[in-house]
file upload_13.pdb (PDB, C-alpha atoms, pLDDT in the B column)
ATOM      1  CA  MET A   1      95.152 108.866  57.196  1.00 38.00           C
ATOM      2  CA  THR A   2      93.142 107.153  59.891  1.00 42.00           C
ATOM      3  CA  ILE A   3      95.041 106.447  63.097  1.00 42.00           C
ATOM      4  CA  ARG A   4      94.055 103.115  64.564  1.00 46.00           C
ATOM      5  CA  LYS A   5      93.223 103.411  68.242  1.00 50.00           C
ATOM      6  CA  PRO A   6      94.288 100.604  70.572  1.00 50.00           C
ATOM      7  CA  GLN A   7      91.464  98.333  71.619  1.00 53.00           C
ATOM      8  CA  PRO A   8      90.581  98.566  75.345  1.00 70.00           C
ATOM      9  CA  ARG A   9      90.638  94.777  75.545  1.00 74.00           C
ATOM     10  CA  PHE A  10      94.243  94.715  74.383  1.00 79.00           C
ATOM     11  CA  GLU A  11      95.148  97.382  76.942  1.00 80.00           C
ATOM     12  CA  ARG A  12      93.674  95.376  79.795  1.00 81.00           C
ATOM     13  CA  ARG A  13      95.305  92.148  78.644  1.00 87.00           C
ATOM     14  CA  PHE A  14      98.640  93.874  78.130  1.00 90.00           C
ATOM     15  CA  TYR A  15      98.961  95.154  81.704  1.00 92.00           C
ATOM     16  CA  LEU A  16      97.380  92.056  83.192  1.00 92.00           C
ATOM     17  CA  GLY A  17      99.777  89.848  81.236  1.00 94.00           C
ATOM     18  CA  ILE A  18     102.809  91.823  82.396  1.00 95.00           C
ATOM     19  CA  SER A  19     101.759  91.595  86.050  1.00 95.00           C
ATOM     20  CA  PHE A  20     101.209  87.838  85.812  1.00 96.00           C
ATOM     21  CA  ALA A  21     104.506  87.357  83.961  1.00 96.00           C
ATOM     22  CA  PHE A  22     106.318  89.236  86.724  1.00 96.00           C
ATOM     23  CA  LEU A  23     104.551  87.154  89.373  1.00 96.00           C
ATOM     24  CA  ALA A  24     105.674  83.961  87.618  1.00 96.00           C
ATOM     25  CA  LEU A  25     109.258  85.230  87.306  1.00 96.00           C
ATOM     26  CA  VAL A  26     109.424  86.175  90.990  1.00 96.00           C
ATOM     27  CA  PHE A  27     108.043  82.823  92.102  1.00 96.00           C
ATOM     28  CA  TRP A  28     110.452  80.916  89.841  1.00 95.00           C
ATOM     29  CA  THR A  29     113.583  82.808  90.839  1.00 94.00           C
ATOM     30  CA  PHE A  30     112.837  82.889  94.576  1.00 95.00           C
ATOM     31  CA  ALA A  31     111.255  79.438  94.884  1.00 93.00           C
ATOM     32  CA  ARG A  32     114.422  77.686  96.020  1.00 91.00           C
ATOM     33  CA  THR A  33     115.426  80.279  98.612  1.00 91.00           C
ATOM     34  CA  PHE A  34     112.050  81.499  99.841  1.00 93.00           C
ATOM     35  CA  TYR A  35     108.727  80.106  98.615  1.00 93.00           C
ATOM     36  CA  LEU A  36     109.697  76.414  98.426  1.00 92.00           C
ATOM     37  CA  LYS A  37     112.844  76.412 100.531  1.00 89.00           C
ATOM     38  CA  GLY A  38     111.466  73.563 102.642  1.00 84.00           C
ATOM     39  CA  PHE A  39     111.613  71.288  99.607  1.00 88.00           C
ATOM     40  CA  PHE A  40     115.184  72.253  98.722  1.00 85.00           C
ATOM     41  CA  ALA A  41     116.724  72.124 102.213  1.00 81.00           C
ATOM     42  CA  THR A  42     118.109  75.633 101.821  1.00 85.00           C
ATOM     43  CA  PRO A  43     119.316  77.456 104.940  1.00 86.00           C
ATOM     44  CA  ALA A  44     116.738  79.200 107.085  1.00 87.00           C
ATOM     45  CA  LEU A  45     116.398  82.944 106.566  1.00 90.00           C
ATOM     46  CA  SER A  46     116.681  85.589 109.225  1.00 92.00           C
ATOM     47  CA  PRO A  47     113.439  87.164 110.491  1.00 94.00           C
ATOM     48  CA  LEU A  48     114.315  90.358 108.615  1.00 95.00           C
ATOM     49  CA  LEU A  49     114.642  88.502 105.316  1.00 95.00           C
ATOM     50  CA  ASP A  50     111.413  86.605 105.943  1.00 95.00           C
ATOM     51  CA  ILE A  51     109.535  89.857 106.556  1.00 96.00           C
ATOM     52  CA  HIS A  52     111.213  91.421 103.529  1.00 96.00           C
ATOM     53  CA  GLY A  53     110.117  88.491 101.379  1.00 95.00           C
ATOM     54  CA  VAL A  54     106.536  88.695 102.594  1.00 96.00           C
ATOM     55  CA  VAL A  55     106.324  92.441 101.955  1.00 97.00           C
ATOM     56  CA  MET A  56     107.815  92.218  98.471  1.00 96.00           C
ATOM     57  CA  SER A  57     105.609  89.229  97.591  1.00 96.00           C
ATOM     58  CA  GLY A  58     102.585  91.139  98.836  1.00 96.00           C
ATOM     59  CA  TRP A  59     103.356  93.991  96.468  1.00 97.00           C
ATOM     60  CA  VAL A  60     103.664  91.668  93.473  1.00 96.00           C
ATOM     61  CA  LEU A  61     100.346  90.025  94.363  1.00 97.00           C
ATOM     62  CA  LEU A  62      98.791  93.455  94.798  1.00 96.00           C
ATOM     63  CA  LEU A  63      99.845  94.403  91.271  1.00 96.00           C
ATOM     64  CA  VAL A  64      98.182  91.268  89.918  1.00 96.00           C
ATOM     65  CA  VAL A  65      94.979  91.892  91.870  1.00 96.00           C
ATOM     66  CA  GLN A  66      94.806  95.542  90.822  1.00 95.00           C
ATOM     67  CA  SER A  67      95.374  94.672  87.160  1.00 94.00           C
ATOM     68  CA  SER A  68      92.723  91.957  87.423  1.00 94.00           C
ATOM     69  CA  LEU A  69      90.213  94.408  88.898  1.00 94.00           C
ATOM     70  CA  ILE A  70      90.724  96.791  85.989  1.00 91.00           C
ATOM     71  CA  ALA A  71      90.403  93.925  83.509  1.00 90.00           C
ATOM     72  CA  ALA A  72      87.122  92.983  85.208  1.00 90.00           C
ATOM     73  CA  HIS A  73      85.915  96.637  85.103  1.00 89.00           C
ATOM     74  CA  ARG A  74      85.927  96.883  88.908  1.00 92.00           C
ATOM     75  CA  VAL A  75      87.354 100.394  88.959  1.00 91.00           C
ATOM     76  CA  ARG A  76      85.778 101.347  92.292  1.00 93.00           C
ATOM     77  CA  TRP A  77      87.324  98.335  94.022  1.00 94.00           C
ATOM     78  CA  HIS A  78      90.627  99.120  92.323  1.00 94.00           C
ATOM     79  CA  ARG A  79      90.608 102.627  93.795  1.00 93.00           C
ATOM     80  CA  ARG A  80      89.648 101.448  97.253  1.00 94.00           C
ATOM     81  CA  LEU A  81      92.411  98.865  97.286  1.00 94.00           C
ATOM     82  CA  GLY A  82      94.779 101.535  96.030  1.00 93.00           C
ATOM     83  CA  VAL A  83      94.561 103.325  99.373  1.00 93.00           C
ATOM     84  CA  PHE A  84      95.841 100.162 101.040  1.00 94.00           C
ATOM     85  CA  GLY A  85      98.458  99.860  98.309  1.00 95.00           C
ATOM     86  CA  VAL A  86      99.985 103.232  99.168  1.00 96.00           C
ATOM     87  CA  GLY A  87     100.702 102.043 102.702  1.00 96.00           C
ATOM     88  CA  TRP A  88     102.099  98.763 101.391  1.00 97.00           C
ATOM     89  CA  ALA A  89     104.387 100.668  99.004  1.00 97.00           C
ATOM     90  CA  VAL A  90     105.825 102.515 102.009  1.00 97.00           C
ATOM     91  CA  LEU A  91     106.605  99.146 103.589  1.00 97.00           C
ATOM     92  CA  VAL A  92     108.331  98.036 100.366  1.00 97.00           C
ATOM     93  CA  VAL A  93     110.623 101.071 100.430  1.00 97.00           C
ATOM     94  CA  ILE A  94     111.396 100.745 104.140  1.00 97.00           C
ATOM     95  CA  LEU A  95     112.046  96.984 104.103  1.00 96.00           C
ATOM     96  CA  GLY A  96     113.917  97.121 100.796  1.00 96.00           C
ATOM     97  CA  SER A  97     116.245  99.834 102.098  1.00 96.00           C
ATOM     98  CA  VAL A  98     116.770  98.379 105.563  1.00 97.00           C
ATOM     99  CA  THR A  99     117.449  94.867 104.250  1.00 96.00           C
ATOM    100  CA  THR A 100     120.096  95.864 101.716  1.00 96.00           C
ATOM    101  CA  VAL A 101     121.862  98.248 104.146  1.00 96.00           C
ATOM    102  CA  HIS A 102     121.848  95.579 106.853  1.00 96.00           C
ATOM    103  CA  ALA A 103     123.305  92.958 104.498  1.00 95.00           C
ATOM    104  CA  ALA A 104     126.058  95.262 103.225  1.00 95.00           C
ATOM    105  CA  GLY A 105     126.908  96.436 106.741  1.00 95.00           C
ATOM    106  CA  ARG A 106     127.228  92.859 107.969  1.00 95.00           C
ATOM    107  CA  GLU A 107     129.691  91.996 105.212  1.00 95.00           C
ATOM    108  CA  VAL A 108     131.714  95.187 105.645  1.00 95.00           C
ATOM    109  CA  ARG A 109     132.031  94.833 109.407  1.00 93.00           C
ATOM    110  CA  GLY A 110     132.940  91.179 108.954  1.00 93.00           C
ATOM    111  CA  HIS A 111     135.633  92.094 106.390  1.00 91.00           C
ATOM    112  CA  THR A 112     134.413  89.321 104.103  1.00 94.00           C
ATOM    113  CA  ALA A 113     135.601  88.755 100.551  1.00 93.00           C
ATOM    114  CA  GLN A 114     132.110  89.653  99.265  1.00 93.00           C
ATOM    115  CA  ALA A 115     131.952  93.010 101.092  1.00 94.00           C
ATOM    116  CA  ALA A 116     132.658  95.134  98.005  1.00 94.00           C
ATOM    117  CA  GLU A 117     130.034  93.252  95.986  1.00 93.00           C
ATOM    118  CA  PHE A 118     127.416  93.768  98.701  1.00 94.00           C
ATOM    119  CA  VAL A 119     128.241  97.479  98.840  1.00 95.00           C
ATOM    120  CA  THR A 120     127.742  97.750  95.093  1.00 94.00           C
ATOM    121  CA  VAL A 121     124.427  95.909  95.308  1.00 94.00           C
ATOM    122  CA  MET A 122     123.349  98.152  98.174  1.00 95.00           C
ATOM    123  CA  GLY A 123     123.891 101.244  96.078  1.00 95.00           C
ATOM    124  CA  LEU A 124     121.840  99.835  93.227  1.00 95.00           C
ATOM    125  CA  ASP A 125     119.093  98.587  95.556  1.00 95.00           C
ATOM    126  CA  LEU A 126     118.763 101.993  97.198  1.00 96.00           C
ATOM    127  CA  LEU A 127     118.491 103.588  93.765  1.00 96.00           C
ATOM    128  CA  GLN A 128     115.749 101.089  92.924  1.00 96.00           C
ATOM    129  CA  MET A 129     113.861 102.108  96.054  1.00 97.00           C
ATOM    130  CA  VAL A 130     114.184 105.808  95.197  1.00 97.00           C
ATOM    131  CA  PHE A 131     112.711 105.256  91.748  1.00 97.00           C
ATOM    132  CA  PHE A 132     110.050 102.914  93.118  1.00 97.00           C
ATOM    133  CA  ALA A 133     108.930 105.580  95.608  1.00 97.00           C
ATOM    134  CA  CYS A 134     108.939 108.255  92.894  1.00 97.00           C
ATOM    135  CA  PHE A 135     106.912 106.163  90.460  1.00 97.00           C
ATOM    136  CA  VAL A 136     104.348 105.158  93.080  1.00 97.00           C
ATOM    137  CA  GLY A 137     104.088 108.744  94.296  1.00 96.00           C
ATOM    138  CA  ALA A 138     103.622 110.046  90.749  1.00 96.00           C
ATOM    139  CA  ALA A 139     101.048 107.328  90.013  1.00 96.00           C
ATOM    140  CA  VAL A 140      99.067 108.382  93.089  1.00 95.00           C
ATOM    141  CA  TRP A 141      99.302 112.029  92.050  1.00 95.00           C
ATOM    142  CA  TRP A 142      97.946 111.148  88.589  1.00 94.00           C
ATOM    143  CA  ARG A 143      95.398 108.628  89.843  1.00 91.00           C
ATOM    144  CA  ARG A 144      92.681 110.496  87.936  1.00 91.00           C
ATOM    145  CA  ARG A 145      94.684 110.144  84.740  1.00 93.00           C
ATOM    146  CA  PRO A 146      94.584 106.414  83.953  1.00 92.00           C
ATOM    147  CA  ASP A 147      96.928 106.797  80.984  1.00 92.00           C
ATOM    148  CA  TYR A 148      99.659 108.123  83.295  1.00 95.00           C
ATOM    149  CA  HIS A 149      98.736 106.026  86.319  1.00 95.00           C
ATOM    150  CA  LYS A 150      98.971 102.613  84.687  1.00 94.00           C
ATOM    151  CA  ARG A 151     102.249 103.350  82.925  1.00 95.00           C
ATOM    152  CA  LEU A 152     103.887 104.639  86.082  1.00 96.00           C
ATOM    153  CA  MET A 153     102.733 101.553  87.968  1.00 96.00           C
ATOM    154  CA  LEU A 154     104.226  99.371  85.252  1.00 95.00           C
ATOM    155  CA  LEU A 155     107.539 101.142  85.783  1.00 96.00           C
ATOM    156  CA  THR A 156     107.463 100.062  89.438  1.00 96.00           C
ATOM    157  CA  ILE A 157     107.860  96.509  88.125  1.00 96.00           C
ATOM    158  CA  ALA A 158     111.040  97.612  86.361  1.00 94.00           C
ATOM    159  CA  CYS A 159     112.368  98.865  89.705  1.00 94.00           C
ATOM    160  CA  LEU A 160     112.060  95.374  91.228  1.00 95.00           C
ATOM    161  CA  LEU A 161     113.010  93.428  88.111  1.00 95.00           C
ATOM    162  CA  PRO A 162     116.819  93.347  88.648  1.00 93.00           C
ATOM    163  CA  ASP A 163     116.440  91.399  91.914  1.00 93.00           C
ATOM    164  CA  ALA A 164     114.510  88.664  90.133  1.00 94.00           C
ATOM    165  CA  LEU A 165     116.850  88.587  87.125  1.00 93.00           C
ATOM    166  CA  ALA A 166     119.865  88.310  89.435  1.00 91.00           C
ATOM    167  CA  ARG A 167     118.499  85.019  90.748  1.00 90.00           C
ATOM    168  CA  LEU A 168     117.938  83.305  87.436  1.00 90.00           C
ATOM    169  CA  PRO A 169     119.534  79.838  87.477  1.00 85.00           C
ATOM    170  CA  GLY A 170     122.997  79.513  86.002  1.00 78.00           C
ATOM    171  CA  ASN A 171     126.459  80.811  86.780  1.00 78.00           C
ATOM    172  CA  PHE A 172     126.502  82.941  83.636  1.00 76.00           C
ATOM    173  CA  ILE A 173     124.271  85.652  85.136  1.00 82.00           C
ATOM    174  CA  THR A 174     126.395  88.799  85.464  1.00 86.00           C
ATOM    175  CA  ASP A 175     125.621  92.434  86.236  1.00 85.00           C
ATOM    176  CA  PRO A 176     125.836  93.475  82.553  1.00 87.00           C
ATOM    177  CA  LEU A 177     123.404  90.694  81.612  1.00 91.00           C
ATOM    178  CA  ILE A 178     120.998  91.741  84.373  1.00 91.00           C
ATOM    179  CA  LEU A 179     121.181  95.317  83.098  1.00 91.00           C
ATOM    180  CA  LEU A 180     120.662  94.109  79.536  1.00 93.00           C
ATOM    181  CA  GLY A 181     117.621  92.090  80.589  1.00 92.00           C
ATOM    182  CA  MET A 182     116.110  95.030  82.453  1.00 94.00           C
ATOM    183  CA  ASN A 183     116.751  97.371  79.521  1.00 94.00           C
ATOM    184  CA  GLY A 184     115.218  94.890  77.110  1.00 94.00           C
ATOM    185  CA  CYS A 185     112.080  94.345  79.193  1.00 93.00           C
ATOM    186  CA  VAL A 186     111.451  98.058  79.693  1.00 94.00           C
ATOM    187  CA  LEU A 187     112.115  98.944  76.061  1.00 95.00           C
ATOM    188  CA  ALA A 188     109.910  96.079  74.874  1.00 94.00           C
ATOM    189  CA  CYS A 189     106.960  97.300  76.978  1.00 93.00           C
ATOM    190  CA  VAL A 190     107.488 100.895  75.885  1.00 94.00           C
ATOM    191  CA  GLY A 191     107.877  99.784  72.271  1.00 94.00           C
ATOM    192  CA  VAL A 192     104.619  97.813  72.246  1.00 93.00           C
ATOM    193  CA  ASP A 193     102.756 100.687  73.890  1.00 92.00           C
ATOM    194  CA  THR A 194     104.217 103.209  71.454  1.00 93.00           C
ATOM    195  CA  TRP A 195     103.371 101.036  68.449  1.00 92.00           C
ATOM    196  CA  ARG A 196      99.792 100.568  69.594  1.00 89.00           C
ATOM    197  CA  HIS A 197      99.233 104.282  70.268  1.00 88.00           C
ATOM    198  CA  ARG A 198     101.411 105.597  67.456  1.00 91.00           C
ATOM    199  CA  ARG A 199     103.175 107.887  69.922  1.00 93.00           C
ATOM    200  CA  LEU A 200     105.510 107.730  72.891  1.00 94.00           C
ATOM    201  CA  HIS A 201     103.553 108.492  76.041  1.00 94.00           C
ATOM    202  CA  PRO A 202     105.226 111.105  78.298  1.00 94.00           C
ATOM    203  CA  ALA A 203     105.087 108.794  81.333  1.00 94.00           C
ATOM    204  CA  PHE A 204     107.166 106.252  79.437  1.00 94.00           C
ATOM    205  CA  GLY A 205     109.230 108.871  77.623  1.00 93.00           C
ATOM    206  CA  TRP A 206     110.412 110.774  80.692  1.00 93.00           C
ATOM    207  CA  GLY A 207     110.037 108.082  83.339  1.00 94.00           C
ATOM    208  CA  GLY A 208     111.563 105.303  81.273  1.00 93.00           C
ATOM    209  CA  ALA A 209     114.416 107.435  79.970  1.00 94.00           C
ATOM    210  CA  VAL A 210     115.433 108.759  83.390  1.00 95.00           C
ATOM    211  CA  PHE A 211     115.135 105.308  84.976  1.00 95.00           C
ATOM    212  CA  LEU A 212     117.186 103.479  82.348  1.00 95.00           C
ATOM    213  CA  GLY A 213     119.705 106.291  82.090  1.00 95.00           C
ATOM    214  CA  ALA A 214     120.252 106.350  85.837  1.00 95.00           C
ATOM    215  CA  PHE A 215     120.749 102.605  86.125  1.00 92.00           C
ATOM    216  CA  ASN A 216     123.055 102.332  83.133  1.00 94.00           C
ATOM    217  CA  LEU A 217     125.224 105.028  84.711  1.00 94.00           C
ATOM    218  CA  ALA A 218     124.917 103.701  88.252  1.00 94.00           C
ATOM    219  CA  LEU A 219     126.111 100.162  87.545  1.00 91.00           C
ATOM    220  CA  PRO A 220     129.719 101.122  86.699  1.00 91.00           C
ATOM    221  CA  LEU A 221     129.671 103.969  89.238  1.00 93.00           C
ATOM    222  CA  MET A 222     128.646 101.752  92.152  1.00 92.00           C
ATOM    223  CA  ALA A 223     131.464  99.333  91.331  1.00 90.00           C
ATOM    224  CA  THR A 224     134.200 101.969  91.532  1.00 94.00           C
ATOM    225  CA  ARG A 225     136.708 102.009  94.379  1.00 93.00           C
ATOM    226  CA  GLY A 226     135.546 105.482  95.333  1.00 94.00           C
ATOM    227  CA  TRP A 227     131.951 104.415  95.972  1.00 93.00           C
ATOM    228  CA  VAL A 228     132.929 101.176  97.698  1.00 94.00           C
ATOM    229  CA  THR A 229     135.353 103.006  99.996  1.00 94.00           C
ATOM    230  CA  PHE A 230     132.894 105.791 100.819  1.00 94.00           C
ATOM    231  CA  ALA A 231     129.967 103.440 101.477  1.00 94.00           C
ATOM    232  CA  SER A 232     132.124 101.003 103.478  1.00 94.00           C
ATOM    233  CA  ARG A 233     133.238 103.783 105.806  1.00 93.00           C
ATOM    234  CA  TRP A 234     129.640 104.851 106.246  1.00 93.00           C
ATOM    235  CA  LEU A 235     128.598 101.273 107.079  1.00 92.00           C
ATOM    236  CA  SER A 236     131.477 100.601 109.476  1.00 84.00           C
TER     237      SER A 236
END
call {"tool": "encode", "arguments": {"input": "upload_13.pdb", "output": "structure tokens"}}
result
Amino acid sequence: MTIRKPQPRFERRFYLGISFAFLALVFWTFARTFYLKGFFATPALSPLLDIHGVVMSGWVLLLVVQSSLIAAHRVRWHRRLGVFGVGWAVLVVILGSVTTVHAAGREVRGHTAQAAEFVTVMGLDLLQMVFFACFVGAAVWWRRRPDYHKRLMLLTIACLLPDALARLPGNFITDPLILLGMNGCVLACVGVDTWRHRRLHPAFGWGGAVFLGAFNLALPLMATRGWVTFASRWLS
């Protein structure tokens, strides 16, 4: 039996398409509160949130540019820009962690009705940052192995996906639906890749399994009274 090998053109379009789709989703879900807030008369953001938004947006744009460079066969430029990308990834982790801890601490110290919800979100956001750092670090380690590198970088999108899904319009968006959407997106990407290659790549097999397993366990755990009480005391 002859095993059909994936066409390089499909590979390039696949990763490029995912990066552009994520860019479109981020712009759509954050347009009202960040990108186009001047047109919607939404409240002004704090300097910390503005910086956070710029850093996160920069990472999404960087993913699009890097995918575009590979699609255009500009591998040398891709590698050179990757050095800059490592530093930007550090900023993503720092700003992502500081912003969510600051927001949860403000609510806890203010004894607001949303304090427990913010504490739960903080726990999940910090877990996202841990996985993001691990995936970027592993992608850098395997930078000479494109098959590993590109799949690990795709998983960094999954780490940021819940924040965009949480801001989809409509009051029906709940934590289980956000988790379902993230699971579906990751499994769809892994499924397409596996079908094209006729095997599950280890980067998706181990990375995807640990990531999805951790988040599916963390969502109910971070909502428990034990976690909320522990984290609230730490933030007080």
call {"tool": "closest_residue", "arguments": {"input": "upload_13.pdb", "among": "A:Met153, A:Val121, A:Leu217, A:Leu36", "to": "Gly85 in chain A", "atoms": "all atoms listed in the file"}}
result
A:Met153
call {"tool": "atom_distance", "arguments": {"input": "upload_13.pdb", "atom1": "CA of Val98 in chain A", "atom2": "CA of Val65 in chain A"}}
result
26.5 Å
call {"tool": "closest_residue", "arguments": {"input": "upload_13.pdb", "among": "A:Leu154, A:Thr100, A:Ala133, A:Gly82", "to": "Val119 in chain A", "atoms": "only C-alpha atoms"}}
result
A:Thr100
call {"tool": "resolve_selection", "arguments": {"input": "upload_13.pdb", "expression": "the PyMOL selection byres ((chain A and resi 69) around 12)", "output": "NGL selection string"}}
result
:A and (12-13 or 15-16 or 62-68 or 70-82)
call {"tool": "atom_distance", "arguments": {"input": "upload_13.pdb", "atom1": "CA of Ala223 in chain A", "atom2": "CA of Thr99 in chain A"}}
result
19.6 Å
call {"tool": "residues_around", "arguments": {"input": "upload_13.pdb", "residues": "range 202-213 of chain A", "least_positions_apart": "4", "cutoff": "12 Å", "atoms": "all atoms listed in the file", "output": "PyMOL selection string"}}
result
chain A and resi 124+127-132+134-136+138-139+142+145-159+162+179-194+217-219
call {"tool": "atom_distance", "arguments": {"input": "upload_13.pdb", "atom1": "CA of Ala164 in chain A", "atom2": "CA of Thr29 in chain A"}}
result
6.0 Å
call {"tool": "resolve_selection", "arguments": {"input": "upload_13.pdb", "expression": "the PyMOL selection byres ((chain A and resi 234) around 12)", "output": "JSON, numbers by chain"}}
result
{"A": [101, 104, 105, 108, 109, 119, 227, 228, 229, 230, 231, 232, 233, 235, 236]}
call {"tool": "build_atoms", "arguments": {"input": "upload_13.pdb", "residues": "range 26-34 of chain A", "atoms": "all heavy atoms", "output": "mmCIF file, keeping the file's coordinate frame"}}
result
data_model
loop_
_atom_site.group_PDB
_atom_site.id
_atom_site.type_symbol
_atom_site.label_atom_id
_atom_site.label_comp_id
_atom_site.auth_asym_id
_atom_site.auth_seq_id
_atom_site.Cartn_x
_atom_site.Cartn_y
_atom_site.Cartn_z
ATOM 1 N N VAL A 26 109.038 86.052 89.584
ATOM 2 C CA VAL A 26 109.424 86.175 90.990
ATOM 3 C C VAL A 26 109.306 84.830 91.697
ATOM 4 O O VAL A 26 110.202 84.430 92.457
ATOM 5 C CB VAL A 26 108.551 87.241 91.691
ATOM 6 C CG1 VAL A 26 108.733 87.185 93.204
ATOM 7 C CG2 VAL A 26 108.899 88.629 91.167
ATOM 8 N N PHE A 27 108.212 84.123 91.451
ATOM 9 C CA PHE A 27 108.043 82.823 92.102
ATOM 10 C C PHE A 27 109.130 81.844 91.654
ATOM 11 O O PHE A 27 109.691 81.101 92.479
ATOM 12 C CB PHE A 27 106.668 82.247 91.780
ATOM 13 C CG PHE A 27 106.409 80.921 92.452
ATOM 14 C CD1 PHE A 27 105.988 80.873 93.777
ATOM 15 C CD2 PHE A 27 106.599 79.720 91.776
ATOM 16 C CE1 PHE A 27 105.768 79.653 94.410
ATOM 17 C CE2 PHE A 27 106.378 78.507 92.396
ATOM 18 C CZ PHE A 27 105.961 78.479 93.715
ATOM 19 N N TRP A 28 109.443 81.831 90.375
ATOM 20 C CA TRP A 28 110.452 80.916 89.841
ATOM 21 C C TRP A 28 111.827 81.216 90.427
ATOM 22 O O TRP A 28 112.527 80.309 90.883
ATOM 23 C CB TRP A 28 110.487 81.036 88.315
ATOM 24 C CG TRP A 28 111.541 80.191 87.661
ATOM 25 C CD1 TRP A 28 111.954 78.941 88.035
ATOM 26 C CD2 TRP A 28 112.323 80.551 86.513
ATOM 27 N NE1 TRP A 28 112.943 78.488 87.184
ATOM 28 C CE2 TRP A 28 113.192 79.460 86.244
ATOM 29 C CE3 TRP A 28 112.360 81.662 85.681
ATOM 30 C CZ2 TRP A 28 114.088 79.471 85.179
ATOM 31 C CZ3 TRP A 28 113.251 81.661 84.616
ATOM 32 C CH2 TRP A 28 114.105 80.580 84.378
ATOM 33 N N THR A 29 112.214 82.478 90.431
ATOM 34 C CA THR A 29 113.583 82.808 90.839
ATOM 35 C C THR A 29 113.778 82.766 92.353
ATOM 36 O O THR A 29 114.913 82.601 92.818
ATOM 37 C CB THR A 29 113.975 84.199 90.311
ATOM 38 O OG1 THR A 29 112.987 85.163 90.716
ATOM 39 C CG2 THR A 29 114.057 84.196 88.782
ATOM 40 N N PHE A 30 112.711 82.925 93.115
ATOM 41 C CA PHE A 30 112.837 82.889 94.576
ATOM 42 C C PHE A 30 112.267 81.609 95.186
ATOM 43 O O PHE A 30 112.214 81.505 96.416
ATOM 44 C CB PHE A 30 112.132 84.095 95.204
ATOM 45 C CG PHE A 30 112.871 85.391 95.035
ATOM 46 C CD1 PHE A 30 112.606 86.219 93.949
ATOM 47 C CD2 PHE A 30 113.835 85.784 95.950
ATOM 48 C CE1 PHE A 30 113.276 87.422 93.784
ATOM 49 C CE2 PHE A 30 114.517 86.975 95.799
ATOM 50 C CZ PHE A 30 114.240 87.801 94.704
ATOM 51 N N ALA A 31 111.860 80.674 94.360
ATOM 52 C CA ALA A 31 111.255 79.438 94.884
ATOM 53 C C ALA A 31 112.231 78.658 95.751
ATOM 54 O O ALA A 31 111.887 78.208 96.857
ATOM 55 C CB ALA A 31 110.763 78.569 93.726
ATOM 56 N N ARG A 32 113.449 78.507 95.301
ATOM 57 C CA ARG A 32 114.422 77.686 96.020
ATOM 58 C C ARG A 32 114.833 78.305 97.360
ATOM 59 O O ARG A 32 115.056 77.586 98.340
ATOM 60 C CB ARG A 32 115.662 77.466 95.143
ATOM 61 C CG ARG A 32 116.720 76.562 95.760
ATOM 62 C CD ARG A 32 117.891 76.387 94.819
ATOM 63 N NE ARG A 32 117.507 75.649 93.638
ATOM 64 C CZ ARG A 32 117.536 74.329 93.541
ATOM 65 N NH1 ARG A 32 117.953 73.597 94.581
ATOM 66 N NH2 ARG A 32 117.180 73.730 92.429
ATOM 67 N N THR A 33 114.923 79.627 97.401
ATOM 68 C CA THR A 33 115.426 80.279 98.612
ATOM 69 C C THR A 33 114.337 80.838 99.518
ATOM 70 O O THR A 33 114.615 81.191 100.666
ATOM 71 C CB THR A 33 116.378 81.432 98.232
ATOM 72 O OG1 THR A 33 115.677 82.353 97.382
ATOM 73 C CG2 THR A 33 117.604 80.908 97.514
ATOM 74 N N PHE A 34 113.099 80.903 99.004
ATOM 75 C CA PHE A 34 112.050 81.499 99.841
ATOM 76 C C PHE A 34 110.745 80.699 99.804
ATOM 77 O O PHE A 34 110.361 80.081 100.803
ATOM 78 C CB PHE A 34 111.790 82.944 99.418
ATOM 79 C CG PHE A 34 110.828 83.665 100.305
ATOM 80 C CD1 PHE A 34 111.157 83.946 101.628
ATOM 81 C CD2 PHE A 34 109.586 84.062 99.833
ATOM 82 C CE1 PHE A 34 110.257 84.609 102.467
ATOM 83 C CE2 PHE A 34 108.689 84.722 100.653
ATOM 84 C CZ PHE A 34 109.024 84.995 101.971
#
